[in-house]
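Visitor: Okay, so here is start-v3.txt, and as you'll see once you scroll down, it has compact mmCIF, C-alpha atoms and all ligand atoms.
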```txt
# COMPACT_ATOMS: atom_id res chain seq x y z
CA MET A 312 40.64 30.64 46.37
CA ALA A 313 42.58 30.16 49.60
CA ALA A 314 45.90 28.42 50.20
CA THR A 315 46.18 25.77 52.86
CA GLY A 316 49.40 27.34 54.17
CA THR A 317 50.77 23.97 55.25
CA THR A 318 52.66 21.34 53.30
CA SER A 319 50.94 18.39 54.96
CA ARG A 320 47.72 19.24 53.11
CA THR A 321 47.57 19.29 49.34
CA LEU A 322 46.67 22.41 47.40
CA PRO A 323 42.93 23.09 47.43
CA TRP A 324 41.35 20.69 45.00
CA ASP A 325 39.29 23.33 43.25
CA TRP A 326 42.64 24.65 41.92
CA TYR A 327 42.64 21.60 39.65
CA THR A 328 39.40 22.50 37.87
CA ASP A 329 39.11 26.29 38.13
CA PRO A 330 39.77 28.17 34.85
CA ALA A 331 40.70 31.29 36.85
CA VAL A 332 43.53 29.38 38.56
CA LEU A 333 44.85 28.14 35.22
CA ARG A 334 44.78 31.70 33.84
CA LEU A 335 46.86 32.82 36.82
CA GLU A 336 49.25 29.89 36.34
CA GLN A 337 49.69 30.75 32.66
CA GLU A 338 50.50 34.33 33.56
CA ARG A 339 52.69 33.80 36.60
CA ILE A 340 54.25 30.40 35.93
CA PHE A 341 54.28 29.52 32.24
CA ARG A 342 55.20 33.06 31.14
CA ARG A 343 58.04 33.34 33.65
CA PHE A 344 59.96 30.07 33.70
CA TRP A 345 62.22 28.13 31.36
CA GLN A 346 60.50 25.33 29.47
CA TYR A 347 61.79 22.65 27.14
CA ALA A 348 60.90 23.71 23.60
CA GLY A 349 62.47 21.08 21.35
CA LEU A 350 65.54 19.77 19.64
CA LEU A 351 68.35 21.79 18.15
CA THR A 352 68.58 19.26 15.32
CA ASP A 353 65.10 20.41 14.16
CA VAL A 354 66.53 23.87 13.53
CA ALA A 355 70.07 22.95 12.50
CA GLN A 356 70.04 24.30 8.90
CA PRO A 357 69.95 28.00 8.01
CA GLY A 358 66.32 28.75 7.13
CA SER A 359 64.85 26.02 9.32
CA PHE A 360 62.02 26.70 11.74
CA ALA A 361 59.99 24.73 14.30
CA ALA A 362 56.76 25.87 15.97
CA THR A 363 56.42 25.02 19.66
CA ARG A 364 54.89 26.45 22.85
CA ALA A 365 55.73 27.68 26.32
CA GLY A 366 52.53 26.97 28.23
CA ASP A 367 49.89 28.73 26.14
CA VAL A 368 52.43 31.03 24.49
CA PRO A 369 52.96 30.11 20.81
CA VAL A 370 56.67 30.08 19.99
CA VAL A 371 58.68 29.52 16.83
CA LEU A 372 62.36 28.62 16.79
CA VAL A 373 64.18 29.96 13.72
CA ARG A 374 67.74 29.65 12.41
CA ASP A 375 68.61 32.58 10.12
CA GLU A 376 70.93 32.53 7.07
CA GLY A 377 73.85 33.59 9.22
CA GLY A 378 73.33 30.59 11.52
CA THR A 379 71.91 32.50 14.50
CA LEU A 380 69.16 30.66 16.35
CA ARG A 381 66.32 32.69 17.84
CA ALA A 382 62.94 32.14 19.45
CA PHE A 383 60.02 34.41 18.55
CA LEU A 384 56.51 34.81 19.79
CA ASN A 385 54.70 33.00 16.96
CA VAL A 386 52.01 35.68 16.76
CA CYS A 387 51.68 38.06 13.84
CA ARG A 388 52.02 41.72 14.83
CA HIS A 389 49.18 42.62 12.45
CA ARG A 390 46.05 40.90 13.75
CA GLY A 391 47.49 38.00 15.63
CA SER A 392 47.44 34.95 13.40
CA LEU A 393 49.97 32.23 14.13
CA VAL A 394 52.78 32.86 11.66
CA CYS A 395 54.22 29.32 11.44
CA GLU A 396 52.87 25.83 11.98
CA GLY A 397 54.84 22.60 12.17
CA SER A 398 58.44 22.71 11.06
CA GLY A 399 60.45 22.98 7.86
CA MET A 400 62.53 25.37 5.80
CA ARG A 401 61.71 28.95 4.84
CA LYS A 402 63.38 31.97 3.31
CA THR A 403 61.04 34.33 5.14
CA LEU A 404 58.32 33.99 7.75
CA GLN A 405 55.17 35.00 5.92
CA CYS A 406 51.92 35.18 7.80
CA PRO A 407 49.20 33.12 6.09
CA TYR A 408 46.47 35.69 6.84
CA HIS A 409 47.44 38.93 4.98
CA ALA A 410 50.99 38.02 3.95
CA TRP A 411 52.93 40.26 6.27
CA THR A 412 56.45 39.01 5.75
CA TYR A 413 59.15 38.81 8.37
CA ALA A 414 62.82 38.13 7.75
CA LEU A 415 64.34 35.18 9.62
CA ASP A 416 65.74 37.69 12.12
CA GLY A 417 62.16 38.75 12.94
CA GLN A 418 62.13 42.13 11.17
CA LEU A 419 58.98 43.01 9.24
CA VAL A 420 60.27 43.40 5.69
CA ASN A 421 57.11 43.57 3.64
CA ALA A 422 53.34 43.93 3.87
CA PRO A 423 50.87 44.20 0.99
CA ARG A 424 49.76 47.84 0.38
CA LEU A 425 52.59 49.07 2.55
CA GLU A 426 53.17 52.05 0.25
CA ARG A 427 49.49 53.11 0.32
CA GLU A 428 48.85 52.92 4.05
CA GLU A 429 50.48 55.60 6.10
CA ALA A 430 50.04 53.89 9.44
CA LEU A 431 52.47 51.23 8.33
CA ALA A 432 55.32 53.71 7.85
CA ASP A 433 57.29 52.52 10.85
CA THR A 434 57.67 48.82 10.16
CA GLY A 435 60.79 48.73 12.35
CA GLU A 436 58.49 48.64 15.38
CA LEU A 437 56.48 45.71 14.08
CA GLY A 438 58.97 42.84 13.99
CA LEU A 439 58.20 39.52 15.66
CA VAL A 440 58.73 39.68 19.41
CA GLN A 441 61.91 37.87 20.37
CA LEU A 442 61.85 35.52 23.35
CA ARG A 443 64.64 34.19 25.54
CA LEU A 444 66.23 31.05 24.12
CA GLU A 445 69.03 29.04 25.71
CA THR A 446 70.37 25.59 25.13
CA TRP A 447 71.75 22.65 27.06
CA GLY A 448 73.45 20.05 24.87
CA PRO A 449 70.99 19.26 22.03
CA PHE A 450 68.01 20.72 23.92
CA ALA A 451 66.41 24.14 23.36
CA PHE A 452 64.60 25.94 26.18
CA VAL A 453 62.53 29.11 25.93
CA ASN A 454 61.32 31.62 28.47
CA PRO A 455 58.76 34.34 27.68
CA ASP A 456 60.13 36.46 30.57
CA PRO A 457 62.90 38.81 29.37
CA GLU A 458 64.01 39.32 32.99
CA ALA A 459 64.40 35.63 33.84
CA ALA A 460 67.65 34.30 35.32
CA PRO A 461 69.76 32.21 32.91
CA LEU A 462 68.76 28.63 32.12
CA SER A 463 71.86 27.31 33.90
CA ASP A 464 70.56 28.68 37.24
CA PHE A 465 67.37 26.75 36.73
CA LEU A 466 68.97 23.50 35.54
CA GLY A 467 71.22 23.43 38.61
CA ASP A 468 73.48 20.39 38.61
CA ILE A 469 71.36 18.16 36.37
CA PRO A 470 73.92 18.30 33.51
CA GLU A 471 76.71 17.30 35.93
CA ARG A 472 74.61 14.56 37.47
CA LEU A 473 73.83 13.05 34.09
CA ALA A 474 77.47 13.25 33.01
CA ALA A 475 78.62 11.65 36.28
CA SER A 476 76.16 8.81 35.81
CA GLY A 477 77.55 8.03 32.36
CA VAL A 478 74.99 9.82 30.14
CA ASP A 479 76.61 11.98 27.45
CA VAL A 480 73.76 14.14 26.13
CA ASP A 481 75.82 15.25 23.12
CA ALA A 482 76.49 11.67 22.01
CA LEU A 483 72.86 10.52 22.10
CA ARG A 484 70.89 9.68 18.98
CA PHE A 485 67.37 11.08 18.64
CA LEU A 486 64.88 8.26 18.33
CA GLU A 487 61.36 9.68 18.26
CA ARG A 488 58.88 12.11 19.74
CA ALA A 489 55.93 10.57 21.57
CA GLU A 490 52.92 12.85 22.03
CA SER A 491 50.02 12.22 24.37
CA GLU A 492 47.03 13.89 25.97
CA CYS A 493 45.24 13.03 29.16
CA GLY A 494 42.15 14.18 30.99
CA ALA A 495 43.81 15.66 34.06
CA ASN A 496 45.03 19.01 35.30
CA TRP A 497 48.74 19.62 34.57
CA LYS A 498 49.53 19.72 38.32
CA ILE A 499 48.10 16.22 38.78
CA CYS A 500 50.47 15.00 36.04
CA ALA A 501 53.42 16.80 37.65
CA GLU A 502 52.57 15.50 41.12
CA ASN A 503 52.17 11.97 39.85
CA TYR A 504 55.64 12.27 38.34
CA LEU A 505 57.10 13.55 41.61
CA GLU A 506 56.49 10.50 43.78
CA CYS A 507 57.14 6.78 43.43
CA TYR A 508 54.96 5.94 46.43
CA HIS A 509 52.49 4.66 43.84
CA CYS A 510 55.08 2.53 42.03
CA PRO A 511 54.75 -0.75 43.99
CA THR A 512 50.95 -0.68 43.56
CA ALA A 513 50.55 0.81 40.12
CA HIS A 514 53.76 0.01 38.19
CA PRO A 515 54.56 -3.67 38.80
CA GLY A 516 56.73 -3.86 35.67
CA PHE A 517 58.83 -0.81 36.58
CA SER A 518 59.08 -1.93 40.20
CA ALA A 519 60.41 -5.32 39.08
CA VAL A 520 63.40 -3.49 37.55
CA VAL A 521 64.03 -0.47 39.79
CA ASP A 522 64.29 -0.60 43.58
CA VAL A 523 61.36 1.63 44.56
CA SER A 524 61.59 0.87 48.30
CA PRO A 525 61.76 3.94 50.59
CA ASP A 526 65.35 3.13 51.54
CA GLY A 527 66.59 2.44 48.03
CA TYR A 528 64.83 5.14 46.04
CA LEU A 529 66.11 8.64 46.84
CA LEU A 530 64.19 11.89 46.62
CA GLU A 531 66.00 15.18 46.58
CA ALA A 532 65.22 18.80 45.74
CA GLU A 533 67.35 21.86 45.24
CA GLY A 534 66.35 25.18 43.71
CA TRP A 535 63.98 24.50 40.84
CA ARG A 536 65.11 20.89 40.44
CA MET A 537 63.34 17.90 42.02
CA SER A 538 65.12 14.58 41.51
CA GLN A 539 64.45 10.90 42.07
CA VAL A 540 67.20 8.32 41.82
CA GLY A 541 66.52 4.59 41.85
CA PRO A 542 69.04 1.74 41.69
CA VAL A 543 68.46 -1.49 39.77
CA ARG A 544 67.04 -4.39 41.76
CA PRO A 545 69.58 -7.14 42.47
CA GLU A 546 67.51 -9.53 40.37
CA PRO A 547 65.49 -7.50 37.88
CA ARG A 548 62.58 -9.24 36.15
CA GLY A 549 60.65 -8.58 32.96
CA PRO A 550 61.38 -7.84 29.29
CA TYR A 551 63.63 -4.85 29.98
CA ARG A 552 67.36 -5.47 30.47
CA PRO A 553 68.68 -2.81 32.86
CA ALA A 554 72.34 -3.85 32.63
CA GLY A 555 74.66 -1.28 31.08
CA GLU A 556 76.81 1.76 31.65
CA VAL A 557 74.04 3.73 33.41
CA GLU A 558 73.71 2.20 36.85
CA ARG A 559 70.75 4.05 38.30
CA GLY A 560 67.48 5.45 37.05
CA GLN A 561 67.21 9.23 37.32
CA PHE A 562 64.02 11.19 37.03
CA HIS A 563 64.46 14.95 37.17
CA PHE A 564 61.70 17.52 37.21
CA LEU A 565 62.52 21.13 36.37
CA PHE A 566 59.92 23.51 37.69
CA PRO A 567 57.42 24.21 36.37
CA ASN A 568 56.94 21.43 33.81
CA THR A 569 60.00 19.81 32.21
CA VAL A 570 60.88 16.17 32.94
CA VAL A 571 64.20 14.47 32.18
CA ASN A 572 64.18 10.68 32.47
CA VAL A 573 67.07 8.24 32.37
CA MET A 574 66.50 4.52 32.88
CA PRO A 575 69.25 2.33 34.24
CA GLY A 576 70.92 0.31 31.49
CA ARG A 577 72.25 1.47 28.15
CA GLN A 578 72.60 5.15 27.28
CA ASN A 579 69.13 6.67 27.13
CA LEU A 580 67.22 9.82 27.93
CA SER A 581 63.78 11.26 27.41
CA ILE A 582 62.84 14.89 27.90
CA GLY A 583 59.64 16.87 27.50
CA PRO A 584 57.12 19.32 28.94
CA ILE A 585 53.78 18.92 30.72
CA VAL A 586 51.55 21.51 29.04
CA PRO A 587 48.10 22.55 30.25
CA ARG A 588 45.48 22.54 27.48
CA ASP A 589 42.58 23.50 29.69
CA PRO A 590 41.95 23.04 33.43
CA GLU A 591 41.21 19.34 33.07
CA ARG A 592 43.31 18.45 30.02
CA THR A 593 47.07 18.15 29.57
CA TYR A 594 49.27 17.70 26.53
CA ARG A 595 52.69 16.12 26.77
CA PHE A 596 55.47 15.14 24.48
CA LEU A 597 58.65 13.24 25.17
CA ASP A 598 61.71 13.30 22.95
CA TYR A 599 63.50 9.95 23.23
CA PHE A 600 67.22 9.48 22.79
CA VAL A 601 69.44 6.42 23.01
CA GLY A 602 73.13 5.67 22.60
CA GLU A 603 74.45 5.06 19.08
CA ASP A 604 75.25 1.42 19.82
CA VAL A 605 72.10 0.09 21.49
CA ASP A 606 70.73 -3.11 19.97
CA ASP A 607 67.15 -3.66 18.80
CA ASP A 608 66.40 -6.16 21.50
CA TRP A 609 67.34 -3.77 24.27
CA LEU A 610 65.42 -0.98 22.57
CA ARG A 611 62.27 -3.08 22.28
CA GLY A 612 62.35 -3.87 26.00
CA PHE A 613 63.04 -0.23 26.85
CA LEU A 614 60.13 1.12 24.80
CA GLU A 615 57.77 -1.62 25.93
CA LEU A 616 58.36 -0.86 29.61
CA ASP A 617 58.13 2.88 29.00
CA GLU A 618 54.84 2.55 27.16
CA GLN A 619 53.44 0.36 29.91
CA VAL A 620 54.38 2.86 32.63
CA GLY A 621 52.96 5.72 30.54
CA ALA A 622 49.61 3.96 30.10
CA GLU A 623 49.45 3.13 33.81
CA ASP A 624 50.18 6.75 34.75
CA ARG A 625 47.55 8.07 32.34
CA ALA A 626 44.87 5.93 34.00
CA LEU A 627 46.04 7.07 37.46
CA VAL A 628 45.94 10.81 36.77
CA GLU A 629 42.57 10.62 35.01
CA SER A 630 41.18 8.78 38.02
CA VAL A 631 42.55 11.49 40.33
CA GLN A 632 40.94 14.17 38.16
CA ARG A 633 37.56 12.44 38.47
CA GLY A 634 37.94 12.19 42.25
CA ILE A 635 39.24 15.71 42.78
CA GLY A 636 36.90 17.17 40.19
CA SER A 637 33.83 15.76 41.92
CA GLY A 638 34.15 18.61 44.40
CA ALA A 639 33.12 16.29 47.22
CA LEU A 640 36.26 17.03 49.26
CA GLU A 641 38.31 20.20 49.62
CA SER A 642 41.84 18.80 49.74
CA GLY A 643 43.99 15.76 50.57
CA VAL A 644 47.13 15.00 52.57
CA LEU A 645 50.79 14.49 51.65
CA LEU A 646 53.23 12.04 53.20
CA PRO A 647 56.07 14.15 54.64
CA GLU A 648 58.85 11.83 53.40
CA SER A 649 57.60 9.92 50.40
CA GLU A 650 55.77 12.90 48.92
CA GLN A 651 58.25 15.62 49.85
CA LEU A 652 58.82 16.55 46.20
CA ILE A 653 55.11 17.23 45.77
CA ALA A 654 55.23 19.49 48.81
CA ARG A 655 58.20 21.27 47.23
CA PHE A 656 56.35 21.60 43.91
CA GLN A 657 53.25 22.97 45.64
CA THR A 658 55.36 25.48 47.58
CA LEU A 659 56.89 26.70 44.31
CA VAL A 660 53.44 26.95 42.73
CA LEU A 661 52.19 28.98 45.70
CA GLU A 662 55.23 31.26 45.63
CA ALA A 663 54.95 31.80 41.88
CA LEU A 664 51.24 32.61 42.15
CA GLY A 665 52.00 35.02 44.96
CA GLU A 666 49.59 33.37 47.34
S1 LIG B 1 47.35 38.63 10.86
FE1 LIG B 1 49.25 38.26 9.98
S2 LIG B 1 49.23 39.37 8.17
FE2 LIG B 1 47.35 39.83 9.08
FE FE B 2 53.83 6.63 37.75
```
Output the file's structure as structure tokens, nothing else.

Guide:
Amino acid sequence: MAATGTTSRTLPWDWYTDPAVLRLEQERIFRRFWQYAGLLTDVAQPGSFAATRAGDVPVVLVRDEGGTLRAFLNVCRHRGSLVCEGSGMRKTLQCPYHAWTYALDGQLVNAPRLEREEALADTGELGLVQLRLETWGPFAFVNPDPEAAPLSDFLGDIPERLAASGVDVDALRFLERAESECGANWKICAENYLECYHCPTAHPGFSAVVDVSPDGYLLEAEGWRMSQVGPVRPEPRGPYRPAGEVERGQFHFLFPNTVVNVMPGRQNLSIGPIVPRDPERTYRFLDYFVGEDVDDDWLRGFLELDEQVGAEDRALVESVQRGIGSGALESGVLLPESEQLIARFQTLVLEALGE
């Protein structure tokens, strides 16, 4: 496993199939960075919980009776079963395996045969492990690293940029969660997101709405944020109507794996993580939001275009996985301008892995 050491070459292509590389990424990337974990509205009521993940780390968000929201490692301290699945309401968090029971603040409060088994005397040490949880507007983020810098450092100026462009994240209405899986390494999905060089060829519908030309479509990176901003074409075509209070499309990537999308037009936003399942498989979900007052016609056009782009991207990344995964070549090249955000992403991956 050797780095190329230059940004004009891609990362070595065996990093996109090698289980050892993914193990290192889980340890040094997904256990150390902030990741989108879900919606605050899913855990709004006292007693509500929602299971989620940070990379391969099982997480559960819980609101206790007093209203405090916490994130816990969703792994039983006894023999490691997942404690919660899905979402809902609970008075306690009882593990389904041997019924160890945790209070909503994570403390172990009961275990069958507790009084007979001496080794269980000190239950105070055996509460659920609490994880870092921070919020931005209606969005919850978790970080398994207790030493991590605050979420705001990582978000940078994304909240300000969205506000300045007319998107009020607190006024949005949650629409739906769209889940998907594809047969590609998570870095291929991230890298595909980070350039629109492929848009004229591969996304004719999107490119008929957004100006994806190199002079119109801006790429910009700062800190952990990589952003793309695209204005509406003077004469947009297709079923989607991009007129509205949001003038430009914005596509933000928060290292390592959170995307925040805003299309030009009415108030809208989608947010979600890119989660490795195994070296050649990736799970994603996107939480969609729109303004309170959008009409059905607009919404239909919005979702239709989004679905089309999603299907096109899935085919692209799976094709890349087949090419890269063949092992016939060692690496590829990056365009210094048009693929600068991929270079940035790969630099951050290399730094995080300590290569
Ligand atoms: S693994 Fe949870 S109670 Fe045994
Ligand atoms: Fe794409």

Visitor: Rounded to one decimal in Å, what is the spacing between atom FE2 of ligand LIG 1 (chain B) and atom CA of Arg390 of chain A?

Guide: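 Computing it gives 5.0 Å between the two atoms.
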
Visitor: Could you make a table, as a tab-separated table, of the residues of chain A that have an atom within 7 Å of an atom of ligand FE 2 (chain B), each with its nearest atom pair and distance in Å to one decimal, counting only C-alpha atoms and all ligand atoms, in chain and number order?

Guide:
```
residue	atom	partner	partner_atom	distance
A:Asn503	CA	B:FE2	FE	6.0
A:Tyr504	CA	B:FE2	FE	6.0
A:Cys507	CA	B:FE2	FE	6.6
A:His509	CA	B:FE2	FE	6.5
A:Cys510	CA	B:FE2	FE	6.1
A:His514	CA	B:FE2	FE	6.6
A:Val620	CA	B:FE2	FE	6.4
A:Glu623	CA	B:FE2	FE	6.9
A:Asp624	CA	B:FE2	FE	4.7
```

Visitor: Could you give me, as a CSV table (one decimal) with C-alpha atoms, in the frame of the given file, every polymer residue with an atom at most 9 Å away from an atom of ligand LIG 1 (chain B), counting all atoms listed in the file?

Guide:
```
chain,number,residue,atom,x,y,z
A,386,VAL,CA,52.0,35.7,16.8
A,387,CYS,CA,51.7,38.1,13.8
A,388,ARG,CA,52.0,41.7,14.8
A,389,HIS,CA,49.2,42.6,12.4
A,390,ARG,CA,46.0,40.9,13.8
A,391,GLY,CA,47.5,38.0,15.6
A,392,SER,CA,47.4,35.0,13.4
A,393,LEU,CA,50.0,32.2,14.1
A,394,VAL,CA,52.8,32.9,11.7
A,405,GLN,CA,55.2,35.0,5.9
A,406,CYS,CA,51.9,35.2,7.8
A,407,PRO,CA,49.2,33.1,6.1
A,408,TYR,CA,46.5,35.7,6.8
A,409,HIS,CA,47.4,38.9,5.0
A,410,ALA,CA,51.0,38.0,4.0
A,411,TRP,CA,52.9,40.3,6.3
A,412,THR,CA,56.4,39.0,5.8
A,422,ALA,CA,53.3,43.9,3.9
A,423,PRO,CA,50.9,44.2,1.0
```

Visitor: Between A:Ala489, A:Ala460, A:Ile499, A:Ile653, which has the minimum distance to Gln539 of chain A (counting only C-alpha atoms)?

Guide: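 For Gln539 of chain A, the nearest of the given residues is A:Ile653.
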
Visitor: What lies within 9 Å of segment 517-519 of chain A using only C-alpha atoms, ignoring chain neighbours under 5 positions off, as a list of chain:residue names?

Guide: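 Near segment 517-519 of chain A, the qualifying residues are A:Cys510, A:Pro511, A:Thr512, A:Ser524, A:Val543, A:Arg544, A:Glu546, A:Pro547, A:Arg548, A:Gly549, A:Leu616, A:Asp617, A:Gln619, A:Val620.
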
Visitor: Please list as a PyMOL selection string every residue within 12 Å of Phe341 of chain A, counting only C-alpha atoms and excluding residues in the same chain fewer than 6 positions away.

Guide: chain A and resi 333-335+347+364-369+453-456+459+497+566-569+584-587+660+663-664

Visitor: Please report the interatomic distance between atom CA of Asn496 of chain A and atom CA of Leu384 of chain A in Å with one decimal.

Guide: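 Those two atoms sit 24.9 Å apart.
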
Visitor: As a PDB file, in the coordinates of the input, could you write out segment 499-522 of chain A once it has been completed with N, CA and C atoms?

Guide:
```
ATOM      1  N   ILE A 499      48.262  17.641  38.423  1.00  0.00           N
ATOM      2  CA  ILE A 499      48.100  16.220  38.780  1.00  0.00           C
ATOM      3  C   ILE A 499      49.164  15.397  38.063  1.00  0.00           C
ATOM      4  N   CYS A 500      49.426  15.716  36.797  1.00  0.00           N
ATOM      5  CA  CYS A 500      50.470  15.000  36.040  1.00  0.00           C
ATOM      6  C   CYS A 500      51.834  15.238  36.673  1.00  0.00           C
ATOM      7  N   ALA A 501      52.126  16.491  37.039  1.00  0.00           N
ATOM      8  CA  ALA A 501      53.420  16.800  37.650  1.00  0.00           C
ATOM      9  C   ALA A 501      53.554  16.075  38.992  1.00  0.00           C
ATOM     10  N   GLU A 502      52.508  16.107  39.791  1.00  0.00           N
ATOM     11  CA  GLU A 502      52.570  15.500  41.120  1.00  0.00           C
ATOM     12  C   GLU A 502      52.690  13.974  41.042  1.00  0.00           C
ATOM     13  N   ASN A 503      52.034  13.416  40.049  1.00  0.00           N
ATOM     14  CA  ASN A 503      52.170  11.970  39.850  1.00  0.00           C
ATOM     15  C   ASN A 503      53.610  11.617  39.488  1.00  0.00           C
ATOM     16  N   TYR A 504      54.237  12.501  38.711  1.00  0.00           N
ATOM     17  CA  TYR A 504      55.640  12.270  38.340  1.00  0.00           C
ATOM     18  C   TYR A 504      56.563  12.351  39.556  1.00  0.00           C
ATOM     19  N   LEU A 505      56.177  13.183  40.532  1.00  0.00           N
ATOM     20  CA  LEU A 505      57.100  13.550  41.610  1.00  0.00           C
ATOM     21  C   LEU A 505      57.112  12.582  42.797  1.00  0.00           C
ATOM     22  N   GLU A 506      56.391  11.512  42.717  1.00  0.00           N
ATOM     23  CA  GLU A 506      56.490  10.500  43.780  1.00  0.00           C
ATOM     24  C   GLU A 506      56.481   9.107  43.164  1.00  0.00           C
ATOM     25  N   CYS A 507      57.154   8.186  43.860  1.00  0.00           N
ATOM     26  CA  CYS A 507      57.140   6.780  43.430  1.00  0.00           C
ATOM     27  C   CYS A 507      56.491   5.927  44.524  1.00  0.00           C
ATOM     28  N   TYR A 508      55.757   6.613  45.402  1.00  0.00           N
ATOM     29  CA  TYR A 508      54.960   5.940  46.430  1.00  0.00           C
ATOM     30  C   TYR A 508      53.935   5.027  45.752  1.00  0.00           C
ATOM     31  N   HIS A 509      53.485   5.463  44.562  1.00  0.00           N
ATOM     32  CA  HIS A 509      52.490   4.660  43.840  1.00  0.00           C
ATOM     33  C   HIS A 509      53.115   3.515  43.041  1.00  0.00           C
ATOM     34  N   CYS A 510      54.452   3.505  42.935  1.00  0.00           N
ATOM     35  CA  CYS A 510      55.080   2.530  42.030  1.00  0.00           C
ATOM     36  C   CYS A 510      54.813   1.072  42.395  1.00  0.00           C
ATOM     37  N   PRO A 511      54.978   0.677  43.679  1.00  0.00           N
ATOM     38  CA  PRO A 511      54.750  -0.750  43.990  1.00  0.00           C
ATOM     39  C   PRO A 511      53.330  -1.201  43.646  1.00  0.00           C
ATOM     40  N   THR A 512      52.347  -0.322  43.856  1.00  0.00           N
ATOM     41  CA  THR A 512      50.950  -0.680  43.560  1.00  0.00           C
ATOM     42  C   THR A 512      50.639  -0.603  42.078  1.00  0.00           C
ATOM     43  N   ALA A 513      51.085   0.483  41.446  1.00  0.00           N
ATOM     44  CA  ALA A 513      50.550   0.810  40.120  1.00  0.00           C
ATOM     45  C   ALA A 513      51.501   0.482  38.971  1.00  0.00           C
ATOM     46  N   HIS A 514      52.792   0.308  39.255  1.00  0.00           N
ATOM     47  CA  HIS A 514      53.760   0.010  38.190  1.00  0.00           C
ATOM     48  C   HIS A 514      54.527  -1.270  38.509  1.00  0.00           C
ATOM     49  N   PRO A 515      53.861  -2.433  38.452  1.00  0.00           N
ATOM     50  CA  PRO A 515      54.560  -3.670  38.800  1.00  0.00           C
ATOM     51  C   PRO A 515      55.756  -3.951  37.885  1.00  0.00           C
ATOM     52  N   GLY A 516      55.629  -3.609  36.610  1.00  0.00           N
ATOM     53  CA  GLY A 516      56.730  -3.860  35.670  1.00  0.00           C
ATOM     54  C   GLY A 516      57.960  -3.019  36.001  1.00  0.00           C
ATOM     55  N   PHE A 517      57.749  -1.730  36.218  1.00  0.00           N
ATOM     56  CA  PHE A 517      58.830  -0.810  36.580  1.00  0.00           C
ATOM     57  C   PHE A 517      59.455  -1.218  37.907  1.00  0.00           C
ATOM     58  N   SER A 518      58.591  -1.589  38.864  1.00  0.00           N
ATOM     59  CA  SER A 518      59.080  -1.930  40.200  1.00  0.00           C
ATOM     60  C   SER A 518      59.803  -3.274  40.233  1.00  0.00           C
ATOM     61  N   ALA A 519      59.657  -4.066  39.170  1.00  0.00           N
ATOM     62  CA  ALA A 519      60.410  -5.320  39.080  1.00  0.00           C
ATOM     63  C   ALA A 519      61.837  -5.070  38.575  1.00  0.00           C
ATOM     64  N   VAL A 520      62.083  -3.846  38.086  1.00  0.00           N
ATOM     65  CA  VAL A 520      63.400  -3.490  37.550  1.00  0.00           C
ATOM     66  C   VAL A 520      64.134  -2.539  38.486  1.00  0.00           C
ATOM     67  N   VAL A 521      63.418  -1.511  38.956  1.00  0.00           N
ATOM     68  CA  VAL A 521      64.030  -0.470  39.790  1.00  0.00           C
ATOM     69  C   VAL A 521      63.610  -0.700  41.241  1.00  0.00           C
ATOM     70  N   ASP A 522      64.569  -0.501  42.143  1.00  0.00           N
ATOM     71  CA  ASP A 522      64.290  -0.600  43.580  1.00  0.00           C
ATOM     72  C   ASP A 522      63.512   0.645  44.008  1.00  0.00           C
TER      73      ASP A 522
END
```
